[in-house]
Amino acid sequence: MSSPLMEIHAGNMLIRPWQPADAGPVYQACQDPEIQRWTRVPRPYRPEHAADFVTEMSPKAWAGGSAAPLGVFDQATGELLGSCGLVSIRDGSGEVGYWTAPWARGRGVAVTALRAVALFAFESLGLRRVTWHAYLGNHASRLVALRAGVRVHGRTRVVDGPPPGAFGPANDHRAGDHPAGDHPAGDGPGRGQTAPAWRDAWWGTLVPGEVTGQTPPPYAPGSPAARRAALFAGPQPRLPGLAPLGEADVDALTSACQDPESARWTTIPVPYARADAEFFVRRHAPLVWAAGLGAAYQIVDGRGAYAGSVELTLDERDEASAEIGFLVAPWARGRGHATAAVRTICGWAFDALGLTRIVWRAHVGNEASRRVATKAGFTMEGVQRAGCAQRGERRDAWVGSLLATDPRPR
């Protein structure tokens with residue numbers, strides 16, 4: 001497949017193969033911290049990387065039929081707006097990658113380009129499928145993909161960094177339109193310079209007939225999905241009495257979870273080792289936030305010290321519902337920390353995430369947890385038989401709920 005003298009016209013944009021004169025704008029765009037965050041461009045990104053990409057790697061990919069790298073430009077002025085192309089082509093399938101230049105965000109570049117390139121892949125190249133990946137936490141890219149019709153199937157692990165000499169970012173993980181505009185993504189030009197490492201990623205597919213002409217209402221600007229994408233794309237916020245977990249909390253978390261009462265009423269591992277706390281702090285809590293599945297916090301006392309943990313888990317089957325769980329360190333019990341924490345995180349969830357219902361469950365007999373839930377405004381609904389799993393056994397559970405329309409205790 002030789003590099004064609006082809007052009008794709010999409011709205012006010014021109015999408016075409018890279019040319020030598022594009023090296024300068026590509027170099028400028030790839031100085032952007034967000035492009036460097038979500039793609040595998042070399043760091044630092046130098047002019048020679050851009051020149052190599054547009055003059056050698058891109059033509060070679062077209063000639064060998066291994067990829068179809070394309071630039072996105074303003075049709076009237078010729079200004080570089082971004083990149084959207086097929087970073088790999090194999091066995092009737094192509095992987096799409098895209099980024100938006102920092103000066104072109106807020107104009108819907110990535111969504112429009114993705115739709116156009118997907119149609120080009122199906123109608124002109126005869127591909128049967130387009131695949132998409134994005135590093136976990138790249139909510140802008142995920143929202144772009146959903147708006148263009150990509151079906152997101154789940155999570156996988158990918159290698160961060162192509163093998164030496166590979167074309168650009170084969171299997172690169174990209175971004176697109178920020179929920180409030182455009183956001184960069186990953187068809188990163190240039191050869192990677194770091195050793196491969198594993199990263200968590202979302203993945204999805206698009207097949208002929210699925211490319212959207214307009215943004216589906218569930219992903220439109222202002223929708224709950226768009227609001228959540230904007231929220232989870234940023235750092236986890238501090239809330240009154242709550243703070244994101246950090247390395248300094250590992251020892252306190254270990255001590256709290258080694259308490260017999262903590263083990264009796266929760267699902268924590270038994271025996272609980274420091275390695276379990278390290279996993280929770282270093283991997284579980286950050287990935288829950290990055291994936292947009294909820295938020296895990298430490299409860300802090302008046303001195304800012306660890307007093308317990310609280311976690312809100314979104315229901316992946318019901319975007320309006322979530323479940324709450326909490327644990328109070330033995331040295332901090334009886335001081336109202338849990339009640340205050342539950343009220344705070346539930347209020348935040350209703351306001352920031354647009355939830356309708358939050359569920360509380362506790363093993364039957366956990367009177368302390370029930371008192372906290374009641375004081376926080378939850379209505380007891382009854383007993384769910386074998387409603388909770390605990391270390392391989394099923395236990396009956398009390399169930400309560402808090403609705404966005406319920407009065408909020410003060």
# chains A, B, ... in the order shown; residues from 1 in each chain; ligands from 1
>>> residues_around(residues="A:Tyr272", least_positions_apart="5", cutoff="12 Å", atoms="only C-alpha atoms", output="ChimeraX atom specification")
/A:251,253-260,262-263,266-267,277-280
>>> closest_atom_pairs(of="stretch 226-313 of chain A", to="stretch 320-333 of chain A", cutoff="7 Å", atoms="only C-alpha atoms", output="tab-separated table")
residue	atom	partner	partner_atom	distance
A:Ala256	CA	A:Ala329	CA	4.7
A:Ser262	CA	A:Leu327	CA	6.9
A:Ala307	CA	A:Ala329	CA	5.4
A:Gly308	CA	A:Val328	CA	4.2
A:Ser309	CA	A:Leu327	CA	5.3
A:Val310	CA	A:Phe326	CA	4.1
A:Glu311	CA	A:Gly325	CA	5.4
A:Leu312	CA	A:Ile324	CA	4.6
A:Thr313	CA	A:Glu323	CA	5.2
>>> write_last_selection(atoms="N, CA and C atoms", output="PDB file, in the first residue's frame")
ATOM      1  N   ALA A 256      -5.002  -1.023  61.300  1.00  0.00           N
ATOM      2  CA  ALA A 256      -6.464  -1.002  61.394  1.00  0.00           C
ATOM      3  C   ALA A 256      -7.069  -2.314  60.901  1.00  0.00           C
ATOM      4  N   SER A 262     -12.347  -5.582  62.665  1.00  0.00           N
ATOM      5  CA  SER A 262     -12.292  -5.234  61.249  1.00  0.00           C
ATOM      6  C   SER A 262     -12.419  -6.488  60.397  1.00  0.00           C
ATOM      7  N   ALA A 307      -7.847   7.709  60.233  1.00  0.00           N
ATOM      8  CA  ALA A 307      -8.831   7.231  61.201  1.00  0.00           C
ATOM      9  C   ALA A 307      -9.694   6.110  60.631  1.00  0.00           C
ATOM     10  N   GLY A 308      -9.524   5.793  59.358  1.00  0.00           N
ATOM     11  CA  GLY A 308     -10.324   4.749  58.745  1.00  0.00           C
ATOM     12  C   GLY A 308     -10.364   4.918  57.238  1.00  0.00           C
ATOM     13  N   SER A 309     -11.205   4.124  56.597  1.00  0.00           N
ATOM     14  CA  SER A 309     -11.326   4.167  55.135  1.00  0.00           C
ATOM     15  C   SER A 309     -12.798   4.118  54.753  1.00  0.00           C
ATOM     16  N   VAL A 310     -13.124   4.738  53.634  1.00  0.00           N
ATOM     17  CA  VAL A 310     -14.470   4.676  53.075  1.00  0.00           C
ATOM     18  C   VAL A 310     -14.337   4.576  51.565  1.00  0.00           C
ATOM     19  N   GLU A 311     -15.186   3.743  50.964  1.00  0.00           N
ATOM     20  CA  GLU A 311     -15.109   3.556  49.511  1.00  0.00           C
ATOM     21  C   GLU A 311     -16.503   3.564  48.906  1.00  0.00           C
ATOM     22  N   LEU A 312     -16.637   4.300  47.818  1.00  0.00           N
ATOM     23  CA  LEU A 312     -17.868   4.348  47.037  1.00  0.00           C
ATOM     24  C   LEU A 312     -17.609   3.601  45.738  1.00  0.00           C
ATOM     25  N   THR A 313     -18.431   2.603  45.430  1.00  0.00           N
ATOM     26  CA  THR A 313     -18.260   1.792  44.228  1.00  0.00           C
ATOM     27  C   THR A 313     -19.470   1.969  43.323  1.00  0.00           C
TER      28      THR A 313
END
>>> atom_distance(atom1="atom CA of A:Trp132", atom2="atom CA of A:Thr205")
6.0 Å
>>> select_by_dssp(residues="stretch 207-290 of chain A", states="alpha helix (DSSP H)", output="tab-separated table (two decimals) with all heavy atoms, in the first residue's frame")
chain	number	residue	atom	x	y	z
A	224	PRO	N	-24.54	12.70	32.01
A	224	PRO	CA	-23.80	12.14	33.14
A	224	PRO	C	-22.46	11.53	32.72
A	224	PRO	O	-21.47	11.66	33.45
A	224	PRO	CB	-24.77	11.07	33.68
A	224	PRO	CG	-26.12	11.58	33.32
A	224	PRO	CD	-25.94	12.23	31.97
A	225	ALA	N	-22.42	10.88	31.58
A	225	ALA	CA	-21.16	10.28	31.13
A	225	ALA	C	-20.10	11.34	30.87
A	225	ALA	O	-18.93	11.17	31.21
A	225	ALA	CB	-21.39	9.46	29.85
A	226	ALA	N	-20.50	12.46	30.27
A	226	ALA	CA	-19.55	13.54	30.00
A	226	ALA	C	-19.10	14.20	31.29
A	226	ALA	O	-17.92	14.53	31.46
A	226	ALA	CB	-20.18	14.56	29.07
A	227	ARG	N	-20.02	14.40	32.23
A	227	ARG	CA	-19.66	15.00	33.52
A	227	ARG	C	-18.69	14.11	34.28
A	227	ARG	O	-17.72	14.58	34.87
A	227	ARG	CB	-20.92	15.22	34.35
A	227	ARG	CG	-21.83	16.35	33.85
A	227	ARG	CD	-23.14	16.37	34.60
A	227	ARG	NE	-22.94	16.46	36.05
A	227	ARG	CZ	-23.90	16.23	36.95
A	227	ARG	NH1	-25.10	15.86	36.55
A	227	ARG	NH2	-23.64	16.35	38.23
A	228	ARG	N	-18.93	12.82	34.26
A	228	ARG	CA	-18.04	11.91	34.98
A	228	ARG	C	-16.68	11.81	34.30
A	228	ARG	O	-15.66	11.70	34.98
A	228	ARG	CB	-18.69	10.53	35.08
A	228	ARG	CG	-19.91	10.54	35.98
A	228	ARG	CD	-20.53	9.17	36.11
A	228	ARG	NE	-21.79	9.24	36.86
A	228	ARG	CZ	-22.52	8.20	37.20
A	228	ARG	NH1	-22.12	6.98	36.86
A	228	ARG	NH2	-23.65	8.36	37.87
A	229	ALA	N	-16.67	11.85	32.97
A	229	ALA	CA	-15.39	11.82	32.26
A	229	ALA	C	-14.54	13.01	32.67
A	229	ALA	O	-13.33	12.89	32.89
A	229	ALA	CB	-15.62	11.80	30.76
A	230	ALA	N	-15.17	14.18	32.78
A	230	ALA	CA	-14.43	15.38	33.18
A	230	ALA	C	-13.92	15.25	34.61
A	230	ALA	O	-12.79	15.64	34.92
A	230	ALA	CB	-15.32	16.61	33.04
A	231	LEU	N	-14.73	14.68	35.48
A	231	LEU	CA	-14.34	14.55	36.89
A	231	LEU	C	-13.20	13.55	37.06
A	231	LEU	O	-12.17	13.86	37.66
A	231	LEU	CB	-15.55	14.11	37.72
A	231	LEU	CG	-15.27	13.84	39.20
A	231	LEU	CD1	-14.92	15.14	39.92
A	231	LEU	CD2	-16.49	13.19	39.86
A	232	PHE	N	-13.38	12.35	36.53
A	232	PHE	CA	-12.40	11.30	36.75
A	232	PHE	C	-11.12	11.50	35.93
A	232	PHE	O	-10.11	10.85	36.21
A	232	PHE	CB	-13.01	9.93	36.43
A	232	PHE	CG	-13.99	9.45	37.47
A	232	PHE	CD1	-15.34	9.34	37.17
A	232	PHE	CD2	-13.57	9.14	38.75
A	232	PHE	CE1	-16.24	8.90	38.12
A	232	PHE	CE2	-14.46	8.71	39.71
A	232	PHE	CZ	-15.81	8.58	39.40
A	250	VAL	N	0.12	3.56	54.74
A	250	VAL	CA	0.23	2.11	54.68
A	250	VAL	C	0.30	1.48	56.07
A	250	VAL	O	-0.40	0.50	56.37
A	250	VAL	CB	1.44	1.69	53.83
A	250	VAL	CG1	1.73	0.20	53.98
A	250	VAL	CG2	1.21	2.04	52.36
A	251	ASP	N	1.13	2.02	56.95
A	251	ASP	CA	1.28	1.42	58.28
A	251	ASP	C	-0.01	1.51	59.09
A	251	ASP	O	-0.41	0.54	59.75
A	251	ASP	CB	2.42	2.10	59.04
A	251	ASP	CG	3.79	1.74	58.49
A	251	ASP	OD1	3.91	0.67	57.85
A	251	ASP	OD2	4.74	2.53	58.68
A	252	ALA	N	-0.67	2.66	59.05
A	252	ALA	CA	-1.92	2.82	59.80
A	252	ALA	C	-3.01	1.90	59.24
A	252	ALA	O	-3.78	1.30	60.00
A	252	ALA	CB	-2.38	4.27	59.76
A	253	LEU	N	-3.08	1.79	57.92
A	253	LEU	CA	-4.07	0.91	57.30
A	253	LEU	C	-3.80	-0.54	57.69
A	253	LEU	O	-4.74	-1.29	58.00
A	253	LEU	CB	-4.02	1.06	55.79
A	253	LEU	CG	-4.96	0.16	54.97
A	253	LEU	CD1	-6.41	0.41	55.34
A	253	LEU	CD2	-4.74	0.38	53.48
A	254	THR	N	-2.54	-0.92	57.72
A	254	THR	CA	-2.19	-2.29	58.13
A	254	THR	C	-2.65	-2.57	59.55
A	254	THR	O	-3.28	-3.60	59.84
A	254	THR	CB	-0.66	-2.50	58.03
A	254	THR	OG1	-0.24	-2.25	56.68
A	254	THR	CG2	-0.28	-3.92	58.41
A	255	SER	N	-2.37	-1.64	60.46
A	255	SER	CA	-2.77	-1.82	61.86
A	255	SER	C	-4.29	-1.89	62.00
A	255	SER	O	-4.82	-2.73	62.73
A	255	SER	CB	-2.22	-0.67	62.71
A	255	SER	OG	-0.80	-0.68	62.72
A	256	ALA	N	-5.00	-1.02	61.30
A	256	ALA	CA	-6.46	-1.00	61.39
A	256	ALA	C	-7.07	-2.31	60.90
A	256	ALA	O	-8.04	-2.82	61.49
A	256	ALA	CB	-7.01	0.17	60.59
A	257	CYS	N	-6.50	-2.88	59.85
A	257	CYS	CA	-7.06	-4.10	59.27
A	257	CYS	C	-6.62	-5.37	59.97
A	257	CYS	O	-7.14	-6.44	59.70
A	257	CYS	CB	-6.71	-4.16	57.78
A	257	CYS	SG	-7.54	-2.89	56.79
A	260	PRO	N	-9.26	-7.54	65.10
A	260	PRO	CA	-10.23	-8.65	64.96
A	260	PRO	C	-11.62	-8.19	64.53
A	260	PRO	O	-12.29	-8.87	63.74
A	260	PRO	CB	-10.24	-9.29	66.35
A	260	PRO	CG	-8.90	-8.95	66.94
A	260	PRO	CD	-8.57	-7.58	66.41
A	261	GLU	N	-12.08	-7.05	65.03
A	261	GLU	CA	-13.40	-6.56	64.64
A	261	GLU	C	-13.44	-6.14	63.18
A	261	GLU	O	-14.45	-6.32	62.50
A	261	GLU	CB	-13.82	-5.40	65.55
A	261	GLU	CG	-14.22	-5.81	66.94
A	261	GLU	CD	-15.43	-6.74	66.94
A	261	GLU	OE1	-16.54	-6.28	66.59
A	261	GLU	OE2	-15.26	-7.93	67.25
A	262	SER	N	-12.35	-5.58	62.67
A	262	SER	CA	-12.29	-5.23	61.25
A	262	SER	C	-12.42	-6.49	60.40
A	262	SER	O	-13.15	-6.52	59.40
A	262	SER	CB	-10.97	-4.52	60.93
A	262	SER	OG	-10.87	-3.29	61.62
A	263	ALA	N	-11.71	-7.54	60.79
A	263	ALA	CA	-11.78	-8.79	60.04
A	263	ALA	C	-13.16	-9.43	60.15
A	263	ALA	O	-13.66	-10.02	59.19
A	263	ALA	CB	-10.71	-9.75	60.54
A	264	ARG	N	-13.79	-9.34	61.32
A	264	ARG	CA	-15.08	-9.99	61.55
A	264	ARG	C	-16.17	-9.47	60.62
A	264	ARG	O	-17.00	-10.24	60.13
A	264	ARG	CB	-15.48	-9.79	63.01
A	264	ARG	CG	-16.83	-10.40	63.37
A	264	ARG	CD	-17.21	-10.04	64.81
A	264	ARG	NE	-18.50	-10.58	65.19
A	264	ARG	CZ	-19.15	-10.30	66.30
A	264	ARG	NH1	-18.60	-9.44	67.18
A	264	ARG	NH2	-20.33	-10.84	66.55
A	265	TRP	N	-16.16	-8.17	60.36
A	265	TRP	CA	-17.30	-7.57	59.66
A	265	TRP	C	-17.01	-7.13	58.22
A	265	TRP	O	-17.89	-6.59	57.57
A	265	TRP	CB	-17.80	-6.36	60.46
A	265	TRP	CG	-18.29	-6.68	61.83
A	265	TRP	CD1	-17.75	-6.28	63.01
A	265	TRP	CD2	-19.41	-7.51	62.17
A	265	TRP	NE1	-18.46	-6.77	64.07
A	265	TRP	CE2	-19.50	-7.53	63.58
A	265	TRP	CE3	-20.36	-8.22	61.44
A	265	TRP	CZ2	-20.49	-8.23	64.26
A	265	TRP	CZ3	-21.35	-8.92	62.11
A	265	TRP	CH2	-21.40	-8.93	63.51
A	274	ARG	N	1.20	-6.31	55.60
A	274	ARG	CA	1.54	-4.98	55.08
A	274	ARG	C	1.44	-4.95	53.55
A	274	ARG	O	1.05	-3.93	52.98
A	274	ARG	CB	2.95	-4.57	55.52
A	274	ARG	CG	3.26	-3.09	55.31
A	274	ARG	CD	4.62	-2.71	55.86
A	274	ARG	NE	4.76	-1.27	55.97
A	274	ARG	CZ	5.11	-0.47	54.96
A	274	ARG	NH1	5.35	-0.99	53.76
A	274	ARG	NH2	5.22	0.84	55.15
A	275	ALA	N	1.76	-6.05	52.91
A	275	ALA	CA	1.66	-6.12	51.45
A	275	ALA	C	0.23	-5.89	50.98
A	275	ALA	O	0.01	-5.34	49.89
A	275	ALA	CB	2.18	-7.46	50.95
A	276	ASP	N	-0.76	-6.31	51.78
A	276	ASP	CA	-2.16	-6.07	51.42
A	276	ASP	C	-2.47	-4.58	51.44
A	276	ASP	O	-3.17	-4.07	50.56
A	276	ASP	CB	-3.09	-6.81	52.37
A	276	ASP	CG	-2.92	-8.31	52.30
A	276	ASP	OD1	-2.89	-8.86	51.18
A	276	ASP	OD2	-2.80	-8.94	53.37
A	277	ALA	N	-1.97	-3.88	52.45
A	277	ALA	CA	-2.18	-2.43	52.51
A	277	ALA	C	-1.46	-1.72	51.38
A	277	ALA	O	-1.99	-0.77	50.79
A	277	ALA	CB	-1.70	-1.89	53.86
A	278	GLU	N	-0.26	-2.18	51.05
A	278	GLU	CA	0.48	-1.57	49.94
A	278	GLU	C	-0.28	-1.74	48.64
A	278	GLU	O	-0.36	-0.80	47.83
A	278	GLU	CB	1.87	-2.21	49.84
A	278	GLU	CG	2.79	-1.83	51.00
A	278	GLU	CD	4.09	-2.61	50.97
A	278	GLU	OE1	4.15	-3.67	50.30
A	278	GLU	OE2	5.06	-2.16	51.61
A	279	PHE	N	-0.85	-2.92	48.42
A	279	PHE	CA	-1.65	-3.15	47.21
A	279	PHE	C	-2.84	-2.20	47.17
A	279	PHE	O	-3.14	-1.60	46.14
A	279	PHE	CB	-2.12	-4.60	47.14
A	279	PHE	CG	-3.08	-4.87	46.01
A	279	PHE	CD1	-2.62	-5.12	44.73
A	279	PHE	CD2	-4.45	-4.84	46.23
A	279	PHE	CE1	-3.50	-5.36	43.68
A	279	PHE	CE2	-5.34	-5.07	45.19
A	279	PHE	CZ	-4.87	-5.33	43.91
A	285	ALA	N	-6.78	1.61	45.02
A	285	ALA	CA	-7.41	2.93	45.11
A	285	ALA	C	-7.14	3.79	43.87
A	285	ALA	O	-8.07	4.39	43.32
A	285	ALA	CB	-6.96	3.65	46.38
A	286	PRO	N	-5.89	3.88	43.37
A	286	PRO	CA	-5.67	4.69	42.16
A	286	PRO	C	-6.40	4.16	40.94
A	286	PRO	O	-6.90	4.95	40.13
A	286	PRO	CB	-4.14	4.62	41.98
A	286	PRO	CG	-3.59	4.30	43.32
A	286	PRO	CD	-4.61	3.41	43.95
A	287	LEU	N	-6.47	2.83	40.78
A	287	LEU	CA	-7.12	2.28	39.60
A	287	LEU	C	-8.64	2.45	39.66
A	287	LEU	O	-9.28	2.63	38.61
A	287	LEU	CB	-6.75	0.81	39.43
A	287	LEU	CG	-5.34	0.54	38.90
A	287	LEU	CD1	-5.12	-0.94	38.69
A	287	LEU	CD2	-5.10	1.29	37.58
A	288	VAL	N	-9.22	2.37	40.84
A	288	VAL	CA	-10.65	2.61	40.97
A	288	VAL	C	-10.99	4.02	40.46
A	288	VAL	O	-11.95	4.22	39.71
A	288	VAL	CB	-11.11	2.42	42.43
A	288	VAL	CG1	-12.49	3.03	42.66
A	288	VAL	CG2	-11.13	0.94	42.79
A	289	TRP	N	-10.18	4.98	40.87
A	289	TRP	CA	-10.42	6.36	40.41
A	289	TRP	C	-10.13	6.49	38.92
A	289	TRP	O	-10.93	7.07	38.17
A	289	TRP	CB	-9.57	7.34	41.20
A	289	TRP	CG	-9.80	8.77	40.76
A	289	TRP	CD1	-9.06	9.49	39.87
A	289	TRP	CD2	-10.88	9.61	41.16
A	289	TRP	NE1	-9.60	10.75	39.70
A	289	TRP	CE2	-10.73	10.85	40.48
A	289	TRP	CE3	-11.96	9.46	42.03
A	289	TRP	CZ2	-11.61	11.91	40.63
A	289	TRP	CZ3	-12.85	10.53	42.19
A	289	TRP	CH2	-12.66	11.73	41.50
A	290	ALA	N	-9.00	5.95	38.46
A	290	ALA	CA	-8.63	6.09	37.05
A	290	ALA	C	-9.66	5.46	36.13
A	290	ALA	O	-9.96	5.99	35.05
A	290	ALA	CB	-7.26	5.45	36.81
>>> closest_residue(among="A:Ala233, A:Ala118, A:Val300, A:Leu125", to="A:Trp62", atoms="only C-alpha atoms")
A:Leu125
>>> atom_distance(atom1="atom CA of A:Pro237", atom2="atom CA of A:Arg147")
26.8 Å
>>> closest_residue(among="A:Arg90, A:Arg238, A:His49, A:His9", to="A:Gly24", atoms="only C-alpha atoms")
A:His49
